[in-house]
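**Student:** Next up, upload_17.txt (compact mmCIF, C-alpha atoms).
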# COMPACT_ATOMS: atom_id res chain seq x y z
CA MET A 12 -9.96 -40.42 -15.46
CA THR A 13 -13.08 -38.74 -16.69
CA TRP A 14 -15.04 -35.73 -15.58
CA ASP A 15 -17.14 -36.46 -12.48
CA TRP A 16 -20.09 -34.09 -12.23
CA SER A 17 -21.13 -35.03 -8.71
CA TYR A 18 -17.62 -34.34 -7.43
CA ALA A 19 -17.49 -31.06 -9.34
CA VAL A 20 -20.77 -29.93 -7.75
CA GLU A 21 -19.52 -31.06 -4.34
CA ILE A 22 -16.47 -28.79 -4.37
CA VAL A 23 -18.25 -25.69 -5.68
CA PRO A 24 -19.04 -24.34 -2.17
CA ASN A 25 -15.34 -24.63 -1.23
CA LEU A 26 -14.32 -22.81 -4.38
CA MET A 27 -16.86 -20.09 -3.64
CA VAL A 28 -15.04 -19.41 -0.35
CA GLY A 29 -11.94 -18.97 -2.48
CA VAL A 30 -13.79 -16.58 -4.78
CA TRP A 31 -14.84 -14.50 -1.80
CA TYR A 32 -11.27 -14.26 -0.51
CA THR A 33 -9.99 -13.45 -3.99
CA ILE A 34 -12.42 -10.54 -4.23
CA LEU A 35 -11.54 -9.37 -0.73
CA VAL A 36 -7.80 -9.45 -1.42
CA THR A 37 -8.22 -7.78 -4.81
CA LEU A 38 -10.30 -4.92 -3.38
CA ALA A 39 -8.09 -4.35 -0.36
CA SER A 40 -4.78 -4.44 -2.16
CA SER A 41 -6.00 -2.37 -5.10
CA ALA A 42 -7.16 0.27 -2.60
CA ILE A 43 -3.63 0.31 -1.16
CA ALA A 44 -2.12 0.37 -4.64
CA LEU A 45 -4.30 3.19 -6.01
CA ILE A 46 -3.97 5.47 -2.97
CA GLY A 47 -0.36 4.57 -2.24
CA GLY A 48 0.56 5.07 -5.88
CA LEU A 49 -0.97 8.55 -5.86
CA LEU A 50 0.93 9.46 -2.69
CA LEU A 51 4.18 8.09 -4.12
CA ALA A 52 3.67 10.06 -7.33
CA ILE A 53 3.02 13.30 -5.44
CA LEU A 54 6.01 12.59 -3.21
CA GLU A 55 8.23 12.10 -6.21
CA ILE A 56 7.12 15.26 -7.97
CA ALA A 57 6.67 17.66 -5.09
CA SER A 58 9.48 16.70 -2.77
CA THR A 59 13.22 16.79 -2.44
CA ARG A 60 15.90 14.49 -3.75
CA LEU A 61 15.46 12.18 -0.76
CA GLY A 62 11.82 11.52 -1.57
CA ARG A 63 12.67 10.95 -5.19
CA THR A 64 15.39 8.43 -4.35
CA PHE A 65 12.99 6.63 -2.05
CA VAL A 66 10.36 6.32 -4.78
CA ARG A 67 12.95 5.22 -7.35
CA PHE A 68 14.17 2.51 -4.98
CA TRP A 69 10.64 1.28 -4.41
CA LEU A 70 9.97 1.20 -8.12
CA GLU A 71 13.16 -0.70 -8.88
CA LEU A 72 12.31 -3.22 -6.15
CA ALA A 73 8.83 -3.76 -7.58
CA ARG A 74 10.15 -4.06 -11.12
CA GLY A 75 13.17 -6.25 -10.53
CA VAL A 76 12.09 -8.71 -7.86
CA PRO A 77 9.28 -11.26 -8.33
CA ILE A 78 6.23 -10.86 -6.10
CA LEU A 79 6.68 -14.45 -4.95
CA ILE A 80 10.12 -13.64 -3.47
CA LEU A 81 8.74 -10.56 -1.70
CA LEU A 82 5.87 -12.63 -0.32
CA TYR A 83 8.18 -15.33 1.01
CA PHE A 84 10.51 -12.67 2.37
CA THR A 85 7.84 -10.90 4.42
CA PHE A 86 6.24 -14.17 5.41
CA TYR A 87 9.40 -15.85 6.72
CA VAL A 88 11.60 -12.93 7.79
CA LEU A 89 9.14 -10.83 9.80
CA PRO A 90 8.51 -13.61 12.38
CA GLN A 91 12.27 -13.82 12.92
CA LEU A 92 12.20 -10.15 13.90
CA GLY A 93 9.43 -10.92 16.37
CA ILE A 94 6.55 -9.58 14.30
CA THR A 95 3.87 -12.15 13.55
CA ILE A 96 1.22 -11.11 11.06
CA PRO A 97 -1.35 -13.50 9.61
CA ALA A 98 -0.95 -14.50 5.98
CA ILE A 99 -3.88 -12.52 4.59
CA PRO A 100 -2.68 -9.04 5.64
CA ILE A 101 0.82 -9.93 4.41
CA GLY A 102 -0.55 -10.92 1.02
CA ILE A 103 -2.69 -7.79 0.76
CA GLY A 104 0.18 -5.58 1.86
CA VAL A 105 2.80 -7.01 -0.49
CA LEU A 106 0.53 -6.95 -3.53
CA GLY A 107 -0.61 -3.44 -2.66
CA VAL A 108 2.90 -2.09 -2.20
CA VAL A 109 4.23 -3.64 -5.41
CA TYR A 110 1.33 -2.34 -7.49
CA ALA A 111 1.51 1.06 -5.75
CA ALA A 112 4.92 1.43 -7.38
CA TYR A 113 3.47 0.60 -10.81
CA CYS A 114 0.52 2.94 -10.28
CA SER A 115 2.78 5.81 -9.27
CA GLU A 116 4.37 5.55 -12.71
CA VAL A 117 0.93 5.85 -14.30
CA TYR A 118 -0.02 8.89 -12.22
CA ARG A 119 3.31 10.54 -12.98
CA GLY A 120 2.83 9.88 -16.68
CA SER A 121 -0.61 11.46 -16.63
CA LEU A 122 0.67 14.50 -14.73
CA ILE A 123 3.17 15.16 -17.51
CA THR A 124 0.31 15.41 -20.02
CA ILE A 125 -1.35 18.20 -18.00
CA PRO A 126 -0.30 21.50 -19.64
CA THR A 127 2.00 23.68 -17.55
CA GLU A 128 -0.24 26.69 -18.19
CA LEU A 129 -2.72 25.16 -15.79
CA ARG A 130 -0.19 25.26 -12.96
CA ASP A 131 0.73 28.82 -13.94
CA ALA A 132 -2.96 29.71 -13.75
CA CYS A 133 -3.12 28.27 -10.24
CA VAL A 134 -0.15 30.44 -9.23
CA ALA A 135 -1.79 33.47 -10.83
CA LEU A 136 -5.00 32.80 -8.88
CA ASN A 137 -2.92 32.66 -5.71
CA LEU A 138 -4.09 29.16 -4.84
CA SER A 139 -2.08 27.50 -2.11
CA GLN A 140 0.02 24.42 -2.92
CA TYR A 141 -2.47 22.23 -1.10
CA VAL A 142 -5.51 23.55 -2.97
CA THR A 143 -3.66 23.37 -6.29
CA TRP A 144 -2.98 19.69 -5.78
CA GLN A 145 -6.27 18.77 -4.18
CA ARG A 146 -8.70 20.67 -6.38
CA VAL A 147 -6.89 20.92 -9.73
CA LEU A 148 -4.03 18.55 -10.36
CA VAL A 149 -5.08 15.35 -8.59
CA PRO A 150 -8.59 15.16 -10.11
CA LEU A 151 -7.14 15.68 -13.58
CA MET A 152 -4.38 13.14 -12.99
CA ILE A 153 -6.87 10.52 -11.86
CA LYS A 154 -9.23 11.17 -14.74
CA ARG A 155 -6.49 10.69 -17.31
CA ALA A 156 -5.01 7.67 -15.58
CA VAL A 157 -8.18 5.58 -15.22
CA PRO A 158 -7.74 3.14 -18.16
CA ALA A 159 -4.11 2.37 -17.35
CA LEU A 160 -4.94 2.01 -13.66
CA LEU A 161 -7.78 -0.34 -14.47
CA ASN A 162 -5.34 -2.48 -16.42
CA TYR A 163 -3.07 -2.68 -13.39
CA VAL A 164 -5.97 -3.61 -11.12
CA LEU A 165 -6.77 -6.40 -13.55
CA GLY A 166 -3.13 -7.50 -13.41
CA LEU A 167 -3.28 -7.40 -9.62
CA PHE A 168 -6.39 -9.57 -9.64
CA ARG A 169 -4.56 -12.15 -11.74
CA GLU A 170 -1.58 -12.10 -9.40
CA THR A 171 -3.75 -12.88 -6.36
CA ALA A 172 -3.53 -16.56 -7.35
CA MET A 173 0.09 -16.36 -6.20
CA LEU A 174 -0.99 -15.83 -2.59
CA PHE A 175 -1.80 -19.50 -2.17
CA ALA A 176 1.97 -19.96 -1.74
CA ILE A 177 1.80 -18.47 1.76
CA GLY A 178 -1.50 -20.14 2.59
CA VAL A 179 -4.09 -17.46 1.84
CA PRO A 180 -7.29 -19.33 0.86
CA VAL A 181 -7.72 -17.59 -2.50
CA LEU A 182 -9.48 -19.52 -5.27
CA MET A 183 -6.25 -21.17 -6.41
CA GLY A 184 -5.47 -22.30 -2.85
CA GLU A 185 -8.95 -23.75 -2.36
CA ALA A 186 -8.69 -25.64 -5.66
CA GLN A 187 -5.38 -27.13 -4.59
CA VAL A 188 -6.70 -28.15 -1.18
CA ALA A 189 -9.72 -29.80 -2.81
CA GLY A 190 -7.43 -31.61 -5.25
CA ASN A 191 -5.05 -32.82 -2.56
CA GLU A 192 -7.85 -34.14 -0.39
CA SER A 193 -9.38 -36.35 -3.06
CA PHE A 194 -6.45 -36.86 -5.45
CA ARG A 195 -8.66 -35.59 -8.25
CA PHE A 196 -7.05 -32.59 -9.92
CA LEU A 197 -9.04 -32.33 -13.13
CA GLU A 198 -12.25 -30.89 -11.70
CA PRO A 199 -10.88 -28.37 -9.15
CA PHE A 200 -8.27 -26.87 -11.46
CA THR A 201 -10.56 -26.74 -14.47
CA LEU A 202 -13.34 -25.11 -12.46
CA ALA A 203 -10.87 -22.66 -10.92
CA GLY A 204 -9.58 -21.71 -14.37
CA ILE A 205 -13.09 -21.14 -15.66
CA ILE A 206 -14.07 -19.07 -12.62
CA TYR A 207 -10.91 -16.98 -12.91
CA MET A 208 -11.71 -16.38 -16.58
CA ALA A 209 -15.28 -15.41 -15.77
CA MET A 210 -14.10 -13.00 -13.08
CA ASN A 211 -12.13 -11.15 -15.77
CA LEU A 212 -15.31 -10.23 -17.62
CA PRO A 213 -16.38 -7.27 -15.42
CA PHE A 214 -12.94 -5.71 -15.90
CA LEU A 215 -13.05 -6.19 -19.65
CA TYR A 216 -16.55 -4.70 -19.75
CA LEU A 217 -15.44 -1.64 -17.78
CA LEU A 218 -12.36 -1.19 -19.97
CA SER A 219 -14.32 -1.43 -23.22
CA ARG A 220 -16.97 0.98 -21.93
CA TYR A 221 -14.32 3.46 -20.95
CA LYS A 222 -12.74 3.17 -24.38
CA ASP A 223 -16.08 3.79 -26.10
CA LYS A 224 -16.68 6.88 -24.02
CA HIS A 225 -13.30 8.52 -24.32
CA ALA A 226 -11.69 7.35 -27.55
CA MET B 12 26.50 -15.94 5.13
CA GLU B 13 29.32 -18.47 4.73
CA ALA B 14 26.88 -21.27 5.43
CA VAL B 15 24.79 -20.18 2.45
CA LEU B 16 27.75 -19.61 0.16
CA GLU B 17 28.94 -23.17 0.81
CA TYR B 18 26.03 -24.22 -1.39
CA TRP B 19 27.24 -22.20 -4.34
CA PRO B 20 27.42 -25.12 -6.82
CA VAL B 21 23.70 -25.88 -6.47
CA LEU B 22 22.83 -22.18 -6.45
CA ILE B 23 24.70 -21.69 -9.71
CA GLN B 24 22.89 -24.70 -11.15
CA GLY B 25 19.54 -23.23 -10.11
CA LEU B 26 20.47 -19.86 -11.56
CA TRP B 27 21.41 -21.59 -14.80
CA VAL B 28 17.98 -23.27 -14.97
CA THR B 29 16.29 -19.89 -14.40
CA VAL B 30 18.36 -18.24 -17.12
CA TRP B 31 17.68 -21.13 -19.49
CA VAL B 32 13.92 -21.09 -18.88
CA SER B 33 13.83 -17.29 -19.22
CA SER B 34 15.67 -17.29 -22.55
CA CYS B 35 13.45 -20.06 -23.91
CA ILE B 36 10.21 -18.34 -22.95
CA ILE B 37 11.35 -14.92 -24.19
CA LEU B 38 12.32 -16.36 -27.58
CA GLY B 39 9.14 -18.46 -27.79
CA ALA B 40 7.02 -15.49 -26.77
CA ALA B 41 8.64 -13.26 -29.40
CA LEU B 42 7.83 -15.71 -32.19
CA GLY B 43 4.33 -16.40 -30.90
CA ALA B 44 3.64 -12.71 -30.39
CA ILE B 45 4.45 -11.85 -33.99
CA MET B 46 2.23 -14.64 -35.30
CA LEU B 47 -0.68 -13.79 -32.99
CA GLY B 48 -0.24 -10.07 -33.59
CA VAL B 49 -0.53 -10.60 -37.34
CA LEU B 50 -3.67 -12.70 -36.90
CA ARG B 51 -5.04 -9.98 -34.64
CA VAL B 52 -4.92 -7.40 -37.48
CA SER B 53 -6.04 -9.85 -40.19
CA ARG B 54 -8.52 -8.59 -42.76
CA THR B 55 -10.79 -11.60 -42.24
CA GLY B 56 -13.20 -10.87 -39.41
CA VAL B 57 -13.43 -14.49 -38.25
CA ILE B 58 -9.66 -14.83 -37.77
CA ARG B 59 -9.58 -11.53 -35.90
CA VAL B 60 -12.33 -12.58 -33.51
CA LEU B 61 -10.91 -16.09 -33.01
CA SER B 62 -7.46 -14.75 -32.18
CA MET B 63 -9.01 -12.28 -29.75
CA VAL B 64 -10.91 -15.07 -28.00
CA PHE B 65 -7.74 -17.17 -27.84
CA ILE B 66 -5.79 -14.26 -26.35
CA GLU B 67 -8.42 -13.63 -23.68
CA CYS B 68 -8.63 -17.34 -22.85
CA ILE B 69 -4.89 -17.57 -22.18
CA ARG B 70 -4.69 -14.21 -20.46
CA GLY B 71 -7.80 -14.64 -18.31
CA PRO B 72 -6.54 -17.17 -15.78
CA SER B 73 -3.11 -16.11 -14.59
CA ALA B 74 0.02 -17.98 -15.64
CA LEU B 75 0.03 -19.82 -12.32
CA VAL B 76 -3.47 -21.27 -12.78
CA LEU B 77 -2.67 -22.24 -16.35
CA LEU B 78 0.60 -23.87 -15.28
CA PHE B 79 -1.12 -25.99 -12.64
CA TRP B 80 -3.85 -26.93 -15.07
CA VAL B 81 -1.42 -28.02 -17.77
CA PHE B 82 0.75 -29.94 -15.35
CA TYR B 83 -1.86 -31.61 -13.12
CA ALA B 84 -5.18 -31.62 -14.97
CA LEU B 85 -4.28 -31.90 -18.66
CA PRO B 86 -2.71 -35.42 -18.43
CA LEU B 87 -5.96 -36.71 -16.92
CA LEU B 88 -7.86 -35.97 -20.11
CA PRO B 89 -7.82 -38.92 -22.51
CA GLY B 90 -5.11 -38.77 -25.15
CA MET B 91 -3.19 -35.92 -23.56
CA PRO B 92 0.53 -36.25 -22.80
CA GLN B 93 2.10 -35.96 -19.37
CA LEU B 94 4.54 -33.11 -19.88
CA SER B 95 7.75 -32.92 -17.91
CA PRO B 96 7.82 -30.00 -15.43
CA LEU B 97 10.33 -28.10 -17.54
CA ALA B 98 8.34 -28.57 -20.75
CA ALA B 99 5.06 -27.55 -19.09
CA ALA B 100 6.70 -24.47 -17.58
CA ILE B 101 8.25 -23.32 -20.84
CA LEU B 102 5.08 -24.02 -22.82
CA VAL B 103 2.75 -22.13 -20.48
CA LEU B 104 5.00 -19.14 -19.83
CA ALA B 105 5.89 -18.76 -23.50
CA LEU B 106 2.19 -18.87 -24.43
CA ASP B 107 1.37 -16.29 -21.80
CA GLY B 108 4.17 -14.06 -23.01
CA ALA B 109 3.06 -14.47 -26.62
CA VAL B 110 -0.43 -13.39 -25.70
CA TYR B 111 0.75 -10.25 -23.91
CA GLY B 112 3.24 -9.59 -26.71
CA ALA B 113 0.54 -9.92 -29.38
CA GLU B 114 -1.07 -6.67 -28.22
CA ILE B 115 2.32 -4.95 -28.44
CA VAL B 116 2.85 -6.26 -31.97
CA ARG B 117 -0.66 -5.20 -32.97
CA ALA B 118 -0.09 -1.67 -31.69
CA GLY B 119 3.26 -1.56 -33.48
CA ILE B 120 1.79 -2.65 -36.79
CA GLU B 121 -1.09 -0.19 -36.51
CA ALA B 122 1.39 2.63 -35.81
CA VAL B 123 3.06 2.15 -39.21
CA ASN B 124 1.68 4.65 -41.70
CA ARG B 125 -1.09 3.18 -43.87
CA GLY B 126 0.48 4.72 -46.93
CA GLN B 127 3.36 2.25 -46.63
CA ALA B 128 1.05 -0.72 -47.17
CA ASP B 129 -0.67 1.09 -50.06
CA ALA B 130 2.70 1.83 -51.65
CA CYS B 131 3.67 -1.85 -51.40
CA HIS B 132 0.40 -2.75 -53.10
CA ALA B 133 1.10 -0.22 -55.87
CA LEU B 134 4.59 -1.70 -56.34
CA GLY B 135 3.09 -5.16 -56.77
CA LEU B 136 4.59 -6.74 -53.65
CA SER B 137 2.67 -9.68 -52.28
CA ARG B 138 1.03 -9.26 -48.86
CA PHE B 139 3.65 -11.51 -47.27
CA GLN B 140 6.51 -9.59 -48.86
CA SER B 141 5.11 -6.22 -47.90
CA PHE B 142 4.71 -7.41 -44.32
CA THR B 143 8.17 -8.94 -43.88
CA LYS B 144 10.11 -6.41 -45.95
CA VAL B 145 8.34 -3.11 -45.27
CA VAL B 146 5.83 -3.06 -42.44
CA LEU B 147 7.50 -5.30 -39.86
CA PRO B 148 10.96 -3.68 -39.99
CA GLN B 149 9.36 -0.31 -39.30
CA ALA B 150 7.02 -1.67 -36.65
CA LEU B 151 9.96 -3.30 -34.82
CA SER B 152 11.27 0.03 -33.61
CA GLN B 153 7.97 0.42 -31.72
CA ILE B 154 7.70 -3.21 -30.71
CA VAL B 155 11.16 -3.93 -29.31
CA PRO B 156 11.23 -1.36 -26.47
CA ALA B 157 7.79 -2.44 -25.23
CA PHE B 158 8.70 -6.10 -25.61
CA GLY B 159 11.85 -5.42 -23.59
CA SER B 160 9.86 -4.43 -20.54
CA LEU B 161 7.60 -7.44 -21.06
CA ALA B 162 10.72 -9.63 -21.16
CA ARG B 163 11.86 -8.10 -17.86
CA GLY B 164 8.51 -9.10 -16.43
CA MET B 165 8.81 -12.59 -17.91
CA ILE B 166 12.03 -13.25 -16.00
CA LYS B 167 10.03 -12.60 -12.86
CA TRP B 168 7.30 -14.97 -14.03
CA THR B 169 9.81 -17.83 -14.00
CA SER B 170 9.74 -17.74 -10.19
CA ILE B 171 6.46 -19.70 -10.26
CA VAL B 172 7.93 -22.73 -12.04
CA SER B 173 9.30 -24.07 -8.75
CA PHE B 174 5.70 -24.94 -7.76
CA ILE B 175 5.60 -27.81 -10.23
CA GLY B 176 9.10 -29.00 -9.37
CA VAL B 177 11.39 -27.32 -11.88
CA GLN B 178 14.65 -26.92 -9.97
CA ASP B 179 15.18 -23.24 -10.61
CA ILE B 180 16.93 -20.78 -8.32
CA LEU B 181 13.90 -20.36 -6.06
CA TYR B 182 13.52 -24.13 -5.62
CA VAL B 183 17.21 -24.54 -4.79
CA ALA B 184 17.19 -21.54 -2.48
CA ASN B 185 14.23 -22.93 -0.57
CA ASN B 186 16.20 -26.13 0.02
CA VAL B 187 19.24 -24.16 1.14
CA ARG B 188 17.02 -22.19 3.50
CA ALA B 189 15.63 -25.39 4.99
CA GLN B 190 19.15 -26.65 5.68
CA THR B 191 20.86 -23.50 6.93
CA PHE B 192 17.95 -21.56 8.50
CA GLU B 193 19.53 -18.37 7.08
CA THR B 194 16.15 -17.10 5.84
CA THR B 195 17.01 -13.42 5.56
CA ILE B 196 20.26 -13.92 3.70
CA VAL B 197 18.83 -16.47 1.29
CA PHE B 198 15.92 -14.25 0.28
CA CYS B 199 18.07 -11.12 0.00
CA LEU B 200 20.43 -13.09 -2.24
CA LEU B 201 17.46 -14.25 -4.33
CA ALA B 202 16.11 -10.71 -4.66
CA VAL B 203 19.52 -9.41 -5.77
CA LEU B 204 19.97 -12.24 -8.28
CA TYR B 205 16.57 -11.65 -9.88
CA TRP B 206 17.21 -7.92 -9.93
CA ILE B 207 20.55 -8.44 -11.70
CA LEU B 208 18.91 -10.75 -14.23
CA THR B 209 16.19 -8.21 -15.07
CA VAL B 210 18.74 -5.39 -15.37
CA LEU B 211 20.87 -7.53 -17.70
CA CYS B 212 17.78 -8.29 -19.78
CA GLY B 213 17.06 -4.57 -20.02
CA LEU B 214 20.63 -3.94 -21.25
CA VAL B 215 20.35 -6.66 -23.89
CA PHE B 216 17.17 -5.12 -25.24
CA ARG B 217 18.71 -1.65 -25.27
CA GLU B 218 21.55 -3.04 -27.41
CA LEU B 219 18.99 -4.76 -29.63
CA GLU B 220 17.25 -1.43 -30.23
CA GLN B 221 20.49 -0.06 -31.67
CA VAL B 222 20.61 -2.61 -34.50
CA LEU B 223 16.95 -2.32 -35.58
CA PRO B 224 16.59 -1.52 -39.30
CA LEU B 225 14.58 1.68 -38.85
CA ASN B 226 16.82 3.07 -36.12
CA ARG B 227 19.90 2.26 -38.23
CA ALA B 228 18.35 3.95 -41.23
CA LEU B 229 17.49 7.03 -39.17
CA ARG B 230 21.05 7.21 -37.86
CA ALA B 231 22.45 6.82 -41.36
CA ALA B 232 20.19 9.60 -42.60
CA ARG B 233 21.33 11.88 -39.81
CA ALA B 234 25.04 11.05 -40.08
CA PRO B 235 26.03 12.80 -43.36
CA SER B 236 24.50 16.13 -42.35
CA ALA B 237 26.32 15.93 -39.03
CA TYR B 238 29.69 15.46 -40.68
CA ALA B 239 29.12 17.73 -43.69
CA PRO B 240 31.16 20.93 -43.79
CA ALA B 241 29.27 23.89 -42.38
CA GLY B 242 29.27 25.75 -45.67
CA ALA B 243 27.55 22.96 -47.59
CA ALA B 244 24.43 23.13 -45.47
CA GLN B 245 23.73 26.76 -46.28
Mind converting the file's structure to structure tokens?
**Tutor:**
Amino acid sequence: MTWDWSYAVEIVPNLMVGVWYTILVTLASSAIALIGGLLLAILEIASTRLGRTFVRFWLELARGVPILILLYFTFYVLPQLGITIPAIPIGIGVLGVVYAAYCSEVYRGSLITIPTELRDACVALNLSQYVTWQRVLVPLMIKRAVPALLNYVLGLFRETAMLFAIGVPVLMGEAQVAGNESFRFLEPFTLAGIIYMAMNLPFLYLLSRYKDKHA
Amino acid sequence: MEAVLEYWPVLIQGLWVTVWVSSCIILGAALGAIMLGVLRVSRTGVIRVLSMVFIECIRGPSALVLLFWVFYALPLLPGMPQLSPLAAAILVLALDGAVYGAEIVRAGIEAVNRGQADACHALGLSRFQSFTKVVLPQALSQIVPAFGSLARGMIKWTSIVSFIGVQDILYVANNVRAQTFETTIVFCLLAVLYWILTVLCGLVFRELEQVLPLNRALRAARAPSAYAPAGAAQ
């Protein structure tokens, strides 16, 4: 079987739908991951033993169990409990929650590098806990964490291909549907691979620019 | 619960396939990572750039996309072999691991003091000798812990091999689920099994760290002073 250009051109619009969903899922779940991770990190540092145990459990779950299993679990078990959610929110939620755990590690790591004198200074200035976190610690944490966080967002983008398993029409899913309809797998999968590779470029550009600026 | 446990022979078989695939890809990735990592810090600019391009090409599409491409699209190209599902899975996942590991190896090599390489040069060791005998043993104490957490991740990657028909634990468990309708129990069991596997992998790598040359040497250097009589130290 050889490469068929007319067929390749024919499926491009379908694949573009997949690209759109991939971007949507990536943006939505990275928003959950970045904000959720920050909240988890603050919870772990500022709260009691209960909060810490909760965060540890979450982290262990994200580290030890494949995303695919968590996806299947939420997709098949929730309906049994009487909750029916469409596939796209499930995919966004699971990816977001798993990567929130990873991001919380990053935030926590960057908090450790902030000198303790800064917190002492906040106490000396009689800033409230809330203002200390909101105006001093969180902005610094985020600033230091950006490259590592960007790496995780890139990882999250690559994992979105997995969502085709529960029927989210991400690029991978669209390529498989196109292949199954015509029994031609060469063009859809090759095009999908190339598009996925090209979609990495903005991330790599951002990462390299950040490195130039701060290293 | 009993209904699921009745299927234990197939579940064990599936678990065995997962363990087997994981060990193969971790070993393959370790070897590939060292080779790619060395190319990545080569003195020749062309080799450095080529290895970087190769790394980005493998890393760019996720393992899943690559796996589907190798299994479904590659055989359609003239002269390319039709790989068995197991071979395709091991090949793709090991390559992906090697590519991620290459960056770890590169960082490890760059962390070794430059003076060490200069000293090897002064002693007349060849470049190969100085790498295998001096630089790599020291770099390993940086590389192994980071590679350990990559290996933990790689065990989780194996869950995608069921898509192309490798009969791993996820594949088997999906069949069991279809026959018993015990969805919750099956997936909880799966989650626990994967979690145990990753924890075991972490333990293995912690043991491995103990026997690394540099760590052993550091311990040996510390040991005599610890056991020396108190008067001798003063």
**Student:** Hey, can you check how far CA of Ala113 in chain B sits from CA of Leu47 in chain B?
**Tutor:**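 Pair CA of Ala113 in chain B / CA of Leu47 in chain B returns 5.4 Å.
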**Student:** Can you list, as a list in words, every protein, DNA or RNA residue that comes within 8 Å of Val172 in chain B when you count all atoms listed in the file, leaving out same-chain residues fewer than 5 positions away?
**Tutor:** Ala100, Val177 and Asp179 of chain B
**Student:** For the residues in the current selection, export C-alpha atoms as a JSON list (two decimals), in the coordinates of the input.
**Tutor:**
[["chain", "number", "residue", "atom", "x", "y", "z"],
["B", 100, "ALA", "CA", 6.70, -24.47, -17.58],
["B", 177, "VAL", "CA", 11.39, -27.32, -11.88],
["B", 179, "ASP", "CA", 15.18, -23.24, -10.61]]
**Student:** Rounded to one decimal, what separation in Å do you get between CA of Thr169 in chain B and CA of Thr29 in chain B?
**Tutor:** 6.8 Å
**Student:** Using all atoms listed in the file, find which residues of chain A lie within 7 Å of chain B and jot them down as a PDB file with C-alpha atoms, in the coordinates of the input.
**Tutor:**
ATOM      1  CA  MET A  12      -9.960 -40.420 -15.460  1.00  0.00           C
ATOM      2  CA  THR A  13     -13.080 -38.740 -16.690  1.00  0.00           C
ATOM      3  CA  GLY A  75      13.170  -6.250 -10.530  1.00  0.00           C
ATOM      4  CA  VAL A  76      12.090  -8.710  -7.860  1.00  0.00           C
ATOM      5  CA  PRO A  77       9.280 -11.260  -8.330  1.00  0.00           C
ATOM      6  CA  LEU A  79       6.680 -14.450  -4.950  1.00  0.00           C
ATOM      7  CA  ILE A  80      10.120 -13.640  -3.470  1.00  0.00           C
ATOM      8  CA  PHE A  84      10.510 -12.670   2.370  1.00  0.00           C
ATOM      9  CA  TYR A  87       9.400 -15.850   6.720  1.00  0.00           C
ATOM     10  CA  VAL A  88      11.600 -12.930   7.790  1.00  0.00           C
ATOM     11  CA  ARG A 169      -4.560 -12.150 -11.740  1.00  0.00           C
ATOM     12  CA  GLU A 170      -1.580 -12.100  -9.400  1.00  0.00           C
ATOM     13  CA  ALA A 172      -3.530 -16.560  -7.350  1.00  0.00           C
ATOM     14  CA  MET A 183      -6.250 -21.170  -6.410  1.00  0.00           C
ATOM     15  CA  PHE A 196      -7.050 -32.590  -9.920  1.00  0.00           C
ATOM     16  CA  LEU A 197      -9.040 -32.330 -13.130  1.00  0.00           C
ATOM     17  CA  PHE A 200      -8.270 -26.870 -11.460  1.00  0.00           C
ATOM     18  CA  THR A 201     -10.560 -26.740 -14.470  1.00  0.00           C
ATOM     19  CA  GLY A 204      -9.580 -21.710 -14.370  1.00  0.00           C
ATOM     20  CA  TYR A 207     -10.910 -16.980 -12.910  1.00  0.00           C
ATOM     21  CA  MET A 208     -11.710 -16.380 -16.580  1.00  0.00           C
ATOM     22  CA  ASN A 211     -12.130 -11.150 -15.770  1.00  0.00           C
TER      23      ASN A 211
END
**Student:** So which one's closest to Tyr111 in chain B, B:Ile37, B:Ile58, B:Ala150, B:Ile180? Using all atoms listed in the file, please.
**Tutor:**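 Residue with the minimum atom-to-atom distance to Tyr111 in chain B: B:Ile37.
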**Student:** If we count only C-alpha atoms and set the cut-off at 7 Å, which residues sit around range 121-134 of chain B, ignoring sequence neighbours fewer than 5 positions away in its own chain? Please answer as an mmCIF file with C-alpha atoms, in the coordinates of the input.
**Tutor:**
data_model
loop_
_atom_site.group_PDB
_atom_site.id
_atom_site.type_symbol
_atom_site.label_atom_id
_atom_site.label_comp_id
_atom_site.auth_asym_id
_atom_site.auth_seq_id
_atom_site.Cartn_x
_atom_site.Cartn_y
_atom_site.Cartn_z
ATOM 1 C CA SER B 141 5.110 -6.220 -47.900
ATOM 2 C CA VAL B 146 5.830 -3.060 -42.440
ATOM 3 C CA GLN B 149 9.360 -0.310 -39.300
ATOM 4 C CA ALA B 150 7.020 -1.670 -36.650
#
**Student:** Closest to Ala42 in chain A among A:Leu167, A:Leu218, A:Val142, A:Ile78, using only C-alpha atoms?
**Tutor:**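 When distances to Ala42 in chain A are compared using only C-alpha atoms, the smallest one comes from A:Leu167.
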**Student:** Can you tell me, as a list in words, what residues are no more than 8 Å from range 20-25 of chain A when counting only C-alpha atoms, ignoring any on the same chain fewer than 3 positions away?
**Tutor:**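 Once the nearby chain positions are removed, what remains is Trp16, Ser17, Val28, Gly29, Glu185, Ala189 and Pro199 of chain A.
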**Student:** Take the point (-1.9, -1.4, -14.7) as written in the file and pick out every residue within 10 Å of it, counting only C-alpha atoms; give the list as a list in words.
**Tutor:**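 Returned residue set, sorted by chain then number, is Tyr110, Ala111, Tyr113, Cys114, Glu116, Val117, Ala156, Val157, Pro158, Ala159, Leu160, Leu161, Asn162, Tyr163, Val164, Leu165, Gly166 and Leu167 of chain A.
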**Student:** Find the residue from A:Ile103, A:Val181, A:Ala39, A:Ile123 that sits nearest to Met152 in chain A; use all atoms listed in the file when measuring.
**Tutor:** A:Ile123
**Student:** What is the CA of Thr127 in chain A-CA of Phe65 in chain A distance in Å, reported with one decimal?
**Tutor:** 25.5 Å
